[in-house]
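For reference, work-v2.cif (mmCIF, C-alpha atoms and all ligand atoms):
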```
data_upload
loop_
_atom_site.group_PDB
_atom_site.id
_atom_site.type_symbol
_atom_site.label_atom_id
_atom_site.label_comp_id
_atom_site.auth_asym_id
_atom_site.auth_seq_id
_atom_site.Cartn_x
_atom_site.Cartn_y
_atom_site.Cartn_z
ATOM 1 C CA MET A 854 131.392 78.734 69.035
ATOM 2 C CA ARG A 855 129.608 81.933 68.136
ATOM 3 C CA ARG A 856 127.555 83.307 70.990
ATOM 4 C CA ARG A 857 123.929 83.727 70.245
ATOM 5 C CA ASP A 858 122.040 86.950 70.878
ATOM 6 C CA PRO A 859 120.018 86.273 74.046
ATOM 7 C CA ASP A 860 117.320 88.769 73.022
ATOM 8 C CA THR A 861 116.231 86.905 69.889
ATOM 9 C CA PRO A 862 114.201 83.696 70.145
ATOM 10 C CA LEU A 863 116.195 80.548 69.399
ATOM 11 C CA THR A 864 115.139 79.063 66.052
ATOM 12 C CA TYR A 865 115.331 75.407 65.097
ATOM 13 C CA ASP A 866 117.934 76.135 62.394
ATOM 14 C CA GLU A 867 120.154 77.980 64.842
ATOM 15 C CA ALA A 868 119.796 75.172 67.399
ATOM 16 C CA LEU A 869 120.758 72.649 64.723
ATOM 17 C CA ARG A 870 123.862 74.656 63.817
ATOM 18 C CA ILE A 871 124.939 74.783 67.468
ATOM 19 C CA ALA A 872 124.110 71.076 67.922
ATOM 20 C CA ARG A 873 126.385 70.213 64.985
ATOM 21 C CA GLU A 874 129.251 72.004 66.730
ATOM 22 C CA LEU A 875 128.575 70.174 70.009
ATOM 23 C CA ALA A 876 127.930 66.725 68.573
ATOM 24 C CA GLY A 877 130.487 63.934 68.703
ATOM 25 C CA ASP A 878 129.276 62.698 65.313
ATOM 26 C CA SER A 879 127.286 65.471 63.660
ATOM 27 C CA GLY A 880 126.479 63.241 60.675
ATOM 28 C CA SER A 881 124.270 61.066 62.862
ATOM 29 C CA LEU A 882 122.316 63.934 64.480
ATOM 30 C CA ALA A 883 118.553 63.495 64.394
ATOM 31 C CA ALA A 884 115.881 65.833 65.734
ATOM 32 C CA TYR A 885 114.048 64.645 68.850
ATOM 33 C CA PRO A 886 110.804 66.644 68.722
ATOM 34 C CA HIS A 887 109.524 67.530 72.204
ATOM 35 C CA ARG A 888 106.630 69.939 72.529
ATOM 36 C CA GLY A 889 107.203 70.646 76.234
ATOM 37 C CA LEU A 890 110.818 71.677 75.580
ATOM 38 C CA GLU A 891 110.076 73.636 72.421
ATOM 39 C CA THR A 892 107.337 75.722 74.081
ATOM 40 C CA ALA A 893 108.766 76.008 77.622
ATOM 41 C CA ARG A 894 108.438 79.328 79.437
ATOM 42 C CA HIS A 895 112.004 78.977 80.777
ATOM 43 C CA GLY A 896 114.742 76.951 79.092
ATOM 44 C CA ARG A 897 112.968 76.645 75.739
ATOM 45 C CA GLY A 898 115.025 74.735 73.184
ATOM 46 C CA TYR A 899 115.493 71.731 70.927
ATOM 47 C CA ALA A 900 116.762 68.199 71.536
ATOM 48 C CA PHE A 901 118.723 65.943 69.200
ATOM 49 C CA THR A 902 119.939 62.377 69.395
ATOM 50 C CA GLU A 903 123.170 61.120 67.891
ATOM 51 C CA THR A 904 125.106 57.876 67.569
ATOM 52 C CA ILE A 905 128.678 57.999 68.827
ATOM 53 C CA ARG A 906 131.018 55.283 67.588
ATOM 54 C CA SER A 907 133.430 54.002 70.236
ATOM 55 C CA GLU A 908 135.704 51.042 70.874
ATOM 56 C CA ARG A 909 132.903 49.558 72.977
ATOM 57 C CA GLY A 910 130.462 49.821 70.103
ATOM 58 C CA ASP A 911 127.874 52.431 69.201
ATOM 59 C CA LEU A 912 126.652 54.678 72.033
ATOM 60 C CA ASP A 913 123.417 56.668 72.110
ATOM 61 C CA GLY A 914 124.166 60.322 72.680
ATOM 62 C CA TYR A 915 122.161 63.516 72.922
ATOM 63 C CA VAL A 916 122.588 67.223 72.355
ATOM 64 C CA LEU A 917 120.243 69.729 73.989
ATOM 65 C CA VAL A 918 120.376 73.329 72.786
ATOM 66 C CA ALA A 919 118.294 75.794 74.795
ATOM 67 C CA GLU A 920 118.064 79.566 75.042
ATOM 68 C CA ASN A 921 119.864 79.545 78.384
ATOM 69 C CA SER A 922 122.303 76.637 78.062
ATOM 70 C CA HIS A 923 123.729 73.898 75.862
ATOM 71 C CA GLY A 924 124.525 70.342 76.846
ATOM 72 C CA SER A 925 125.491 67.004 75.413
ATOM 73 C CA GLY A 926 126.148 63.541 76.799
ATOM 74 C CA ILE A 927 125.606 59.826 76.653
ATOM 75 C CA LEU A 928 122.240 58.169 77.228
ATOM 76 C CA GLY A 929 121.711 54.837 78.957
ATOM 77 C CA VAL A 930 124.100 55.596 81.837
ATOM 78 C CA PHE A 931 122.330 55.430 85.236
ATOM 79 C CA GLY A 932 119.020 55.036 83.432
ATOM 80 C CA ARG A 933 119.397 58.350 81.600
ATOM 81 C CA THR A 934 116.940 58.715 78.738
ATOM 82 C CA MET A 935 116.182 61.630 76.453
ATOM 83 C CA GLU A 936 113.021 62.192 78.524
ATOM 84 C CA THR A 937 114.880 62.388 81.856
ATOM 85 C CA VAL A 938 117.492 64.744 80.366
ATOM 86 C CA ILE A 939 114.737 67.094 79.171
ATOM 87 C CA VAL A 940 112.765 66.901 82.436
ATOM 88 C CA GLU A 941 115.910 67.713 84.464
ATOM 89 C CA HIS A 942 116.764 70.606 82.164
ATOM 90 C CA LEU A 943 113.271 72.113 82.402
ATOM 91 C CA ALA A 944 113.143 71.668 86.195
ATOM 92 C CA LYS A 945 116.477 73.451 86.567
ATOM 93 C CA SER A 946 115.375 76.257 84.247
ATOM 94 C CA GLU A 947 112.187 76.770 86.283
ATOM 95 C CA HIS A 948 114.181 76.708 89.516
ATOM 96 C CA ASP A 949 116.750 79.210 88.209
ATOM 97 C CA ASN A 950 114.019 81.614 87.155
ATOM 98 C CA ARG A 951 111.657 81.277 90.107
ATOM 99 C CA GLU A 952 110.437 84.355 91.928
ATOM 100 C CA ILE A 953 111.966 84.549 95.391
ATOM 101 C CA PRO A 954 109.559 86.124 97.896
ATOM 102 C CA ASP A 955 110.883 88.460 100.591
ATOM 103 C CA THR A 956 109.974 85.855 103.211
ATOM 104 C CA GLU A 957 112.770 83.608 101.873
ATOM 105 C CA LEU A 958 115.372 86.312 102.410
ATOM 106 C CA GLY A 959 117.421 86.706 105.574
ATOM 107 C CA VAL A 960 119.082 89.928 106.709
ATOM 108 C CA PRO A 961 122.340 89.338 104.739
ATOM 109 C CA GLN A 962 120.426 88.665 101.501
ATOM 110 C CA ARG A 963 118.297 91.814 101.965
ATOM 111 C CA LEU A 964 121.357 93.968 102.642
ATOM 112 C CA ALA A 965 123.125 92.570 99.578
ATOM 113 C CA LEU A 966 120.092 93.151 97.357
ATOM 114 C CA ALA A 967 119.687 96.737 98.535
ATOM 115 C CA ALA A 968 123.357 97.466 97.793
ATOM 116 C CA PHE A 969 123.244 95.691 94.435
ATOM 117 C CA ASP A 970 120.108 97.529 93.311
ATOM 118 C CA ALA A 971 121.715 100.837 94.344
ATOM 119 C CA GLY A 972 124.821 100.018 92.287
ATOM 120 C CA ASP A 973 127.036 99.986 95.388
ATOM 121 C CA SER A 974 130.079 97.756 95.825
ATOM 122 C CA ARG A 975 129.725 97.757 99.618
ATOM 123 C CA VAL A 976 126.882 96.967 101.984
ATOM 124 C CA ASP A 977 125.439 99.645 104.266
ATOM 125 C CA VAL A 978 127.153 99.116 107.610
ATOM 126 C CA HIS A 979 124.661 100.988 109.793
ATOM 127 C CA GLY A 980 123.207 98.805 112.505
ATOM 128 C CA THR A 981 124.834 95.664 111.116
ATOM 129 C CA ASP A 982 127.138 93.400 113.074
ATOM 130 C CA ALA A 983 130.461 92.376 111.529
ATOM 131 C CA ALA A 984 129.462 88.751 110.856
ATOM 132 C CA THR A 985 126.249 89.702 109.022
ATOM 133 C CA LEU A 986 128.161 92.310 107.045
ATOM 134 C CA ASP A 987 130.791 89.711 106.072
ATOM 135 C CA TYR A 988 128.185 87.352 104.606
ATOM 136 C CA ALA A 989 126.169 90.183 103.003
ATOM 137 C CA GLU A 990 129.274 91.415 101.174
ATOM 138 C CA TYR A 991 129.977 87.888 99.984
ATOM 139 C CA ILE A 992 126.465 87.661 98.504
ATOM 140 C CA LEU A 993 126.849 91.133 96.966
ATOM 141 C CA THR A 994 130.197 90.130 95.426
ATOM 142 C CA ALA A 995 128.541 87.069 93.861
ATOM 143 C CA MET A 996 125.768 89.264 92.420
ATOM 144 C CA ARG A 997 128.300 91.658 90.907
ATOM 145 C CA ARG A 998 130.602 88.923 89.681
ATOM 146 C CA PHE A 999 128.051 86.679 87.953
ATOM 147 C CA PRO A 1000 125.575 89.099 86.407
ATOM 148 C CA ALA A 1001 122.066 87.691 86.019
ATOM 149 C CA VAL A 1002 118.800 89.389 85.126
ATOM 150 C CA SER A 1003 118.641 90.795 88.662
ATOM 151 C CA GLY A 1004 120.178 90.375 92.101
ATOM 152 C CA ARG A 1005 117.220 88.216 93.085
ATOM 153 C CA ASN A 1006 117.851 86.036 90.036
ATOM 154 C CA THR A 1007 121.449 85.453 91.183
ATOM 155 C CA LEU A 1008 119.966 84.151 94.444
ATOM 156 C CA ALA A 1009 117.559 81.880 92.526
ATOM 157 C CA ARG A 1010 120.439 80.415 90.501
ATOM 158 C CA ASN A 1011 122.710 79.884 93.506
ATOM 159 C CA ASP A 1012 120.883 78.081 96.292
ATOM 160 C CA HIS A 1013 123.864 78.294 98.623
ATOM 161 C CA LEU A 1014 123.489 82.092 98.750
ATOM 162 C CA LEU A 1015 120.060 81.651 100.359
ATOM 163 C CA GLN A 1016 121.468 79.542 103.191
ATOM 164 C CA PRO A 1017 121.871 81.067 106.646
ATOM 165 C CA GLN A 1018 125.427 82.131 107.321
ATOM 166 C CA ASP A 1019 127.980 79.788 108.843
ATOM 167 C CA PRO A 1020 129.265 81.588 111.961
ATOM 168 C CA ALA A 1021 132.615 79.760 111.781
ATOM 169 C CA ARG A 1022 133.404 80.948 108.278
ATOM 170 C CA GLN A 1023 135.076 84.115 107.009
ATOM 171 C CA TYR A 1024 133.330 85.033 103.745
ATOM 172 C CA VAL A 1025 135.205 88.072 102.408
ATOM 173 C CA HIS A 1026 138.394 89.997 102.929
ATOM 174 C CA ASN A 1027 139.327 93.461 101.693
ATOM 175 C CA CYS A 1028 141.330 93.650 98.483
ATOM 176 C CA PRO A 1029 144.861 94.495 99.691
ATOM 177 C CA LEU A 1030 145.122 97.146 96.949
ATOM 178 C CA CYS A 1031 141.761 98.924 96.770
ATOM 179 C CA THR A 1032 139.784 97.491 99.774
ATOM 180 C CA GLU A 1033 136.866 96.172 97.638
ATOM 181 C CA PRO A 1034 135.394 92.991 99.162
ATOM 182 C CA VAL A 1035 136.900 89.774 97.754
ATOM 183 C CA MET A 1036 135.505 86.259 98.280
ATOM 184 C CA HIS A 1037 137.780 84.827 100.966
ATOM 185 C CA ASN A 1038 139.650 81.544 100.737
ATOM 186 C CA ALA A 1039 141.916 80.725 103.686
ATOM 187 C CA ARG A 1040 144.415 79.190 101.271
ATOM 188 C CA TYR A 1041 144.736 82.504 99.383
ATOM 189 C CA PRO A 1042 144.254 85.233 102.015
ATOM 190 C CA HIS A 1043 145.857 88.062 100.005
ATOM 191 C CA THR A 1044 143.837 87.622 96.786
ATOM 192 C CA VAL A 1045 143.167 90.880 94.981
ATOM 193 C CA CYS A 1046 139.721 91.833 93.631
ATOM 194 C CA ASP A 1047 138.673 91.164 90.029
ATOM 195 C CA ARG A 1048 139.302 94.769 88.994
ATOM 196 C CA CYS A 1049 142.854 94.838 90.354
ATOM 197 C CA HIS A 1050 143.428 91.357 88.876
ATOM 198 C CA THR A 1051 142.913 92.815 85.386
ATOM 199 C CA ARG A 1052 145.866 95.209 85.887
ATOM 200 C CA THR A 1053 148.555 92.516 86.271
ATOM 201 C CA THR A 1054 151.774 93.180 84.349
ATOM 202 C CA ASP A 1055 155.272 91.779 83.957
ATOM 203 C CA ARG A 1056 158.264 93.456 85.597
ATOM 204 C CA ALA A 1057 158.505 95.998 82.769
ATOM 205 C CA GLY A 1058 154.858 96.983 83.060
ATOM 206 C CA ARG A 1059 153.437 95.126 80.039
ATOM 207 C CA PRO A 1060 149.925 93.819 80.739
ATOM 208 C CA ILE A 1061 149.572 90.063 81.080
ATOM 209 C CA GLN A 1062 146.895 87.544 81.874
ATOM 210 C CA GLY A 1063 147.208 84.031 83.314
ATOM 211 C CA TYR A 1064 145.405 81.011 81.882
ATOM 212 C CA ASN A 1065 144.996 77.425 83.006
ATOM 213 C CA THR A 1066 146.855 75.281 80.506
ATOM 214 C CA SER A 1067 144.816 72.099 80.962
ATOM 215 C CA PHE A 1068 142.126 70.541 83.123
ATOM 216 C CA SER A 1069 144.803 68.604 85.003
ATOM 217 C CA GLY A 1070 146.753 71.703 85.986
ATOM 218 C CA GLY A 1071 149.388 74.188 84.988
ATOM 219 C CA MET A 1072 149.376 77.902 84.237
ATOM 220 C CA ALA A 1073 150.832 80.082 81.531
ATOM 221 C CA THR A 1074 150.736 83.855 81.198
ATOM 222 C CA TYR A 1075 150.326 85.798 77.957
ATOM 223 C CA TYR A 1076 150.664 89.421 76.973
ATOM 224 C CA THR A 1077 147.366 91.207 76.408
ATOM 225 C CA ASP A 1078 148.732 94.286 74.598
ATOM 226 C CA ILE A 1079 149.270 92.742 71.176
ATOM 227 C CA PRO A 1080 147.059 94.514 68.635
ATOM 228 C CA ALA A 1081 144.673 92.557 66.454
ATOM 229 C CA LEU A 1082 145.803 91.895 62.880
ATOM 230 C CA PRO A 1083 144.820 94.439 60.185
ATOM 231 C CA ASP A 1084 142.086 92.107 58.929
ATOM 232 C CA GLY A 1085 140.509 92.155 62.410
ATOM 233 C CA SER A 1086 141.433 88.596 63.333
ATOM 234 C CA ALA A 1087 142.874 87.822 66.758
ATOM 235 C CA ALA A 1088 146.559 88.557 67.321
ATOM 236 C CA PRO A 1089 148.970 85.657 67.679
ATOM 237 C CA GLN A 1090 149.558 84.802 71.340
ATOM 238 C CA GLU A 1091 152.860 85.735 72.922
ATOM 239 C CA GLU A 1092 153.677 84.010 76.191
ATOM 240 C CA CYS A 1093 155.210 86.028 79.003
ATOM 241 C CA VAL A 1094 157.875 83.468 79.788
ATOM 242 C CA GLU A 1095 159.233 85.472 82.712
ATOM 243 C CA VAL A 1096 155.975 85.505 84.702
ATOM 244 C CA THR A 1097 155.018 81.945 83.726
ATOM 245 C CA ARG A 1098 158.386 80.777 85.068
ATOM 246 C CA THR A 1099 158.641 82.919 88.228
ATOM 247 C CA GLY A 1100 154.961 83.243 89.162
ATOM 248 C CA VAL A 1101 155.690 86.863 90.117
ATOM 249 C CA CYS A 1102 153.743 89.663 88.467
ATOM 250 C CA TYR A 1103 153.064 93.301 89.317
ATOM 251 C CA ILE A 1104 150.013 95.464 89.882
ATOM 252 C CA ASP A 1105 150.554 99.234 89.850
ATOM 253 C CA GLY A 1106 154.244 98.410 90.277
ATOM 254 C CA ARG A 1107 153.690 96.339 93.439
ATOM 255 C CA PRO A 1108 154.817 92.687 93.394
ATOM 256 C CA ALA A 1109 152.210 89.937 93.466
ATOM 257 C CA THR A 1110 152.132 86.182 92.944
ATOM 258 C CA ILE A 1111 150.126 84.593 90.165
ATOM 259 C CA GLU A 1112 149.321 80.877 90.225
ATOM 260 C CA GLU A 1113 146.693 78.357 89.283
ATOM 261 C CA GLY A 1114 144.030 77.946 91.958
ATOM 262 C CA ARG A 1115 143.760 74.585 93.684
ATOM 263 C CA PHE A 1116 140.291 74.127 92.240
ATOM 264 C CA GLY A 1117 140.931 75.882 88.935
ATOM 265 C CA GLY A 1118 141.074 79.504 87.910
ATOM 266 C CA ILE A 1119 143.994 81.876 88.370
ATOM 267 C CA VAL A 1120 144.797 83.404 91.751
ATOM 268 C CA VAL A 1121 146.671 86.701 92.116
ATOM 269 C CA GLN A 1122 147.853 87.651 95.605
ATOM 270 C CA LEU A 1123 149.665 90.797 96.623
ATOM 271 C CA ILE A 1124 153.013 90.083 98.257
ATOM 272 C CA ALA A 1125 152.928 91.746 101.682
ATOM 273 C CA THR A 1126 155.735 94.279 101.922
ATOM 274 C CA GLY A 1127 156.792 95.842 105.206
HETATM 275 ZN ZN ZN B 1201 141.170 95.669 94.242
#
```

Show me the file's structure as structure tokens.
Ligand SMILES: [Zn+2]
Amino acid sequence: MRRRDPDTPLTYDEALRIARELAGDSGSLAAYPHRGLETARHGRGYAFTETIRSERGDLDGYVLVAENSHGSGILGVFGRTMETVIVEHLAKSEHDNREIPDTELGVPQRLALAAFDAGDSRVDVHGTDAATLDYAEYILTAMRRFPAVSGRNTLARNDHLLQPQDPARQYVHNCPLCTEPVMHNARYPHTVCDRCHTRTTDRAGRPIQGYNTSFSGGMATYYTDIPALPDGSAAPQEECVEVTRTGVCYIDGRPATIEEGRFGGIVVQLIATG
């Protein structure tokens, strides 16, 4: 799907084009006029209904195309109506864009915001205990990783980042290559940071990238150095069979493992060498 320009207001015609791409049966799409949705301050958009033919008979479906998100689904399940879908969407959009007052921020959130606004990748350590620093760097990493309108907006969109810290949890570890903070997962303690992750290569030094092959699991790696075709269209994909098979890649010549994460995504961990 073509990405829309977020700086131009979404028009009905553009919403209809996107809805046709999302619909299960675009021929049955019908506009569902809704003034509240079409004039909303946050999450403005257009709703459509559709009829989806299935073995169990015709199902009522919907497509909602908004400036900030797209969605589609089946109506009638758990009492879902077009009205409840729109109300939920608008409530979430308001929540995601709410102003967060300073009084809602704890010390880790304030430290992370100050670092983010200064363009720093690390939190100021002065006068901060190690546990607070650990959580503050986790929040900062989330702000840098999922860019929103502002650091405060990342907090608004991710309620868990406003929670007090869990003293039993380790939130970040240092990237084993460059020491940038990395979100910590005890299952993958040697994960490299996003920047180092982009430098993965095969044994010969050709750049590669790993992809999940399906929702149910599996990973394959592909070369990323194949030039686009002369007409500008995307190059044909070439799998890096060696790394897909062995799960061993390299970063700056140092060996690392590459695998699918337990809950999705691709995990690259440096192999500790004496
Ligand atoms: Zn790194």

Hits of the PyMOL selection byres (((chain A and resi 894) around 10) and not hetatm) in this structure, as a VMD selection string: chain A and resid 889 to 893 895 to 897 943 946 to 947 950

Residues within 8 Å of A:Ala1109, only C-alpha atoms, excluding chain neighbours under 3 positions, as a PyMOL selection string: chain A and resi 1101-1104+1121-1124

Keeping only C-alpha atoms, write the selected residues as a CSV table (one decimal), keeping the file's coordinate frame.
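Just written: selection-v2.csv:
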```
chain,number,residue,atom,x,y,z
A,1101,VAL,CA,155.7,86.9,90.1
A,1102,CYS,CA,153.7,89.7,88.5
A,1103,TYR,CA,153.1,93.3,89.3
A,1104,ILE,CA,150.0,95.5,89.9
A,1121,VAL,CA,146.7,86.7,92.1
A,1122,GLN,CA,147.9,87.7,95.6
A,1123,LEU,CA,149.7,90.8,96.6
A,1124,ILE,CA,153.0,90.1,98.3
```

The PyMOL selection byres (((not hetatm)) within 7 of (chain B and resi 1201)) applied to the shown file, residues as a VMD selection string: chain A and resid 1028 to 1033 1045 to 1049

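When the PyMOL selection byres (((chain A and resi 869) around 12) and not hetatm) is run on the displayed coordinates, the residues it returns are Leu863, Thr864, Tyr865, Asp866, Glu867, Ala868, Arg870, Ile871, Ala872, Arg873, Glu874, Leu875, Ala876, Ser879, Gly880, Leu882, Ala883, Ala884, Tyr885, Gly898, Tyr899, Ala900, Phe901, Thr902, Val916, Leu917, Val918, Ala919 and His923 of chain A.
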
Nearest-residue call for A:Arg997, choices A:Phe1116, A:Tyr1064, A:Phe969, A:Tyr1041, using all atoms listed in the file: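 The closest residue to A:Arg997 is A:Phe969.
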
Gap from atom CA of A:Val938 to atom CA of A:Arg998 - Å, one decimal: 29.0 Å

Length of the atom CA of A:Tyr991 to atom CA of A:Phe1068 vector [Å]: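 About the pair atom CA of A:Tyr991 and atom CA of A:Phe1068: they are 27.1 Å apart.
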
Point (125.9, 91.4, 99.0), cut-off 12 Å, counting only C-alpha atoms, residues as a ChimeraX atom specification: /A:959-978,985-998,1004-1005,1007-1008,1014-1015,1024-1025,1034-1036

Gap from atom CA of A:Glu908 to atom CA of A:Ser925 - Å, one decimal: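 Calculated distance between atom CA of A:Glu908 and atom CA of A:Ser925 is 19.5 Å.
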
Output, as AutoDock Vina command-line options, the centre and edge lengths in Å (one decimal) of the axis-aligned box that contains all listed atoms of stretch 903-911 of chain A with 3 Å of margin on each side.
```
--center_x 129.4 --center_y 55.3 --center_z 70.3 --size_x 18.5 --size_y 17.6 --size_z 11.4
```

A:Pro1020 surroundings by only C-alpha atoms, 8 Å radius, close-in-sequence under 2 positions cut, as a list in words: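 Answer for this query is Ala984, Gln1018 and Arg1022 of chain A.
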
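The shortest atom-to-atom distance to A:Gly924, with all atoms listed in the file taken into account, belongs to A:Ile939 out of A:Gly1070, A:Arg1115, A:Gln1062, A:Ile939.
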
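The nearest approach to A:Ser1003 among the residues A:Asp1019, A:Asp982, A:Leu958, A:Glu952, with only C-alpha atoms taken into account, belongs to A:Glu952.
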
Of the listed residues A:Gly1071, A:Pro1000, A:Gly1058, A:Gly914, that which approaches A:Gly929 most closely, counting all atoms listed in the file: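 Going through A:Gly1071, A:Pro1000, A:Gly1058, A:Gly914 one by one, the smallest distance to A:Gly929 is for A:Gly914.
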
Exercise: residues within 12 Å of coordinate (159.9, 100.7, 85.9), counting all atoms listed in the file, as number ranges by chain: A: 1054-1059, 1103-1107

Counting all atoms listed in the file, the option among A:Asn921, A:Gln1090, A:Thr904, A:Thr1053 closest to A:Pro1108: A:Thr1053
